[in-house]
>>> print(open('data_9.tsv').read())   # TSV, C-alpha atoms
chain	number	residue	atom	x	y	z
A	1	MET	CA	3.96	-23.57	-18.97
A	2	LEU	CA	1.21	-21.08	-19.69
A	3	ILE	CA	1.70	-17.77	-17.90
A	4	THR	CA	-0.89	-15.01	-17.79
A	5	THR	CA	-1.36	-11.75	-15.94
A	6	ALA	CA	-5.12	-12.40	-15.85
A	7	PRO	CA	-6.69	-14.35	-12.98
A	8	PHE	CA	-8.09	-16.89	-15.47
A	9	ILE	CA	-7.27	-18.56	-18.79
A	10	GLY	CA	-9.99	-18.54	-21.44
A	11	GLY	CA	-11.19	-22.05	-22.28
A	12	TRP	CA	-9.53	-23.53	-19.19
A	13	ARG	CA	-10.61	-23.90	-15.61
A	14	VAL	CA	-8.46	-24.12	-12.51
A	15	GLN	CA	-8.65	-27.65	-11.16
A	16	GLU	CA	-6.16	-27.15	-8.35
A	17	THR	CA	-4.27	-24.23	-6.83
A	18	LYS	CA	-0.71	-25.17	-5.93
A	19	GLY	CA	0.25	-21.89	-4.29
A	20	GLN	CA	2.31	-18.75	-4.75
A	21	VAL	CA	5.50	-19.01	-6.76
A	22	PHE	CA	8.22	-16.50	-7.49
A	23	GLY	CA	11.55	-16.07	-9.20
A	24	LEU	CA	14.03	-13.54	-7.81
A	25	VAL	CA	17.14	-12.08	-9.44
A	26	VAL	CA	19.50	-9.38	-8.19
A	27	ARG	CA	21.89	-7.96	-10.77
A	28	SER	CA	24.52	-5.27	-11.04
A	29	ARG	CA	26.00	-3.87	-14.22
A	30	GLY	CA	29.80	-3.90	-14.33
A	31	ILE	CA	31.81	-0.71	-14.08
A	32	GLY	CA	32.24	-0.48	-17.87
A	33	GLY	CA	28.49	-0.64	-18.41
A	34	ASN	CA	27.89	1.93	-15.69
A	35	ILE	CA	30.37	4.33	-17.28
A	36	MET	CA	28.76	3.93	-20.73
A	37	ALA	CA	25.29	4.35	-19.24
A	38	GLY	CA	26.42	7.44	-17.35
A	39	LEU	CA	27.77	8.99	-20.54
A	40	ARG	CA	24.55	8.19	-22.42
A	41	SER	CA	22.47	9.76	-19.66
A	42	ILE	CA	24.14	13.11	-20.30
A	43	GLY	CA	22.60	13.26	-23.77
A	44	GLY	CA	19.24	11.82	-22.73
A	45	GLY	CA	17.23	9.08	-24.38
A	46	GLU	CA	17.16	5.34	-23.83
A	47	ILE	CA	20.08	3.81	-22.00
A	48	HIS	CA	20.50	0.54	-23.90
A	49	GLU	CA	22.91	-0.97	-21.37
A	50	TYR	CA	20.28	-0.86	-18.63
A	51	THR	CA	17.41	-1.84	-20.92
A	52	SER	CA	19.28	-4.98	-21.92
A	53	LEU	CA	20.20	-5.74	-18.31
A	54	LEU	CA	16.59	-5.46	-17.13
A	55	GLU	CA	15.17	-7.47	-20.05
A	56	ASP	CA	17.60	-10.32	-19.36
A	57	THR	CA	16.88	-10.13	-15.63
A	58	ARG	CA	13.10	-10.33	-16.19
A	59	ARG	CA	13.53	-13.39	-18.42
A	60	GLN	CA	15.67	-15.07	-15.77
A	61	ALA	CA	13.14	-14.23	-13.03
A	62	ILE	CA	10.35	-15.79	-15.14
A	63	ASP	CA	12.48	-18.90	-15.74
A	64	ARG	CA	13.03	-19.30	-12.00
A	65	MET	CA	9.32	-18.79	-11.28
A	66	VAL	CA	8.44	-21.48	-13.86
A	67	GLN	CA	10.95	-23.89	-12.27
A	68	ASN	CA	9.29	-23.37	-8.89
A	69	ALA	CA	5.79	-23.90	-10.36
A	70	THR	CA	6.95	-27.05	-12.15
A	71	MET	CA	8.32	-28.46	-8.87
A	72	LEU	CA	4.86	-27.97	-7.37
A	73	GLY	CA	3.24	-29.89	-10.25
A	74	ALA	CA	1.57	-26.87	-11.87
A	75	ASN	CA	0.98	-26.50	-15.60
A	76	ALA	CA	0.10	-22.78	-15.54
A	77	ILE	CA	0.69	-19.56	-13.61
A	78	ILE	CA	-2.09	-17.01	-13.26
A	79	SER	CA	-2.08	-13.42	-11.98
A	80	MET	CA	1.62	-13.09	-12.81
A	81	ARG	CA	3.30	-9.78	-11.88
A	82	PHE	CA	6.73	-8.19	-11.79
A	83	ASP	CA	8.13	-6.10	-9.00
A	84	SER	CA	11.45	-4.31	-8.95
A	85	SER	CA	13.59	-2.24	-6.66
A	86	GLU	CA	17.05	-0.79	-6.43
A	87	LEU	CA	19.56	-1.93	-3.83
A	88	ALA	CA	22.45	0.27	-2.69
A	89	ASN	CA	22.16	2.41	-5.84
A	90	THR	CA	24.17	-0.21	-7.74
A	91	MET	CA	21.94	-3.26	-8.04
A	92	SER	CA	18.51	-4.02	-9.44
A	93	GLU	CA	16.19	-6.60	-7.93
A	94	ILE	CA	13.49	-8.11	-10.12
A	95	VAL	CA	10.91	-10.58	-8.87
A	96	ALA	CA	8.32	-12.36	-11.00
A	97	TYR	CA	5.46	-13.86	-9.00
A	98	GLY	CA	2.07	-15.42	-9.48
A	99	THR	CA	-0.20	-18.30	-8.51
A	100	ALA	CA	0.77	-21.79	-9.66
A	101	VAL	CA	-2.25	-23.81	-10.77
A	102	VAL	CA	-3.26	-26.95	-12.59
A	103	VAL	CA	-5.67	-26.11	-15.40
A	104	VAL	CA	-7.89	-28.41	-17.44
A	105	PRO	CA	-10.03	-27.66	-20.49
A	106	ASP	CA	-13.50	-26.29	-19.78
A	107	GLN	CA	-16.36	-28.67	-20.55
A	108	GLY	CA	-16.99	-28.87	-24.26
A	109	VAL	CA	-13.63	-27.32	-25.14
A	110	SER	CA	-10.99	-29.55	-26.57
A	111	GLY	CA	-7.43	-28.65	-27.21
A	112	PRO	CA	-3.89	-29.30	-26.14
A	113	PRO	CA	-2.74	-28.59	-22.61
A	114	PRO	CA	-0.73	-25.42	-21.99
A	115	ALA	CA	2.67	-25.50	-23.65
A	116	GLU	CA	5.55	-26.59	-21.45
>>> encode(input="data_9.tsv", output="structure tokens")
Amino acid sequence: MLITTAPFIGGWRVQETKGQVFGLVVRSRGIGGNIMAGLRSIGGGEIHEYTSLLEDTRRQAIDRMVQNATMLGANAIISMRFDSSELANTMSEIVAYGTAVVVVPDQGVSGPPPAE
């Protein structure tokens, strides 16, 4: 599945719009991770425990979004975005969303379809 933050894909044209798709994940770091992160925050700098948590959560949100687009019969997602928020000061919510579409090569352009 080809995913882009742009509203188009160079060399491809949108043949059909399937609709909005999203993938939502809510995560909380365990108490051990929160304690380590709290100690790291005293000294400043990057808090690796939270960076890792958010990277993994974004990947999972994308995977869920792709599953939803696949169920609609799409082969690409355009205008993809992330949104995030904090819930109850202990949880992070990440949503990946975009427009599921079917794309085909532009006239005169040959090439493989977007990677699955």
>>> closest_residue(input="data_9.tsv", among="A:Gly10, A:Gly23, A:Gly45, A:Gly73", to="A:Val102", atoms="all atoms listed in the file")
A:Gly73
>>> closest_residue(input="data_9.tsv", among="A:Ala100, A:Leu2, A:Val25, A:Val14", to="A:Ala61", atoms="only C-alpha atoms")
A:Val25
>>> atom_distance(input="data_9.tsv", atom1="atom CA of A:Asp106", atom2="atom CA of A:Thr17")
16.0 Å
>>> atom_distance(input="data_9.tsv", atom1="atom CA of A:Thr5", atom2="atom CA of A:Tyr50")
24.4 Å
>>> closest_residue(input="data_9.tsv", among="A:Ser28, A:Thr99, A:Arg59, A:Ser92", to="A:Ala76", atoms="only C-alpha atoms")
A:Thr99
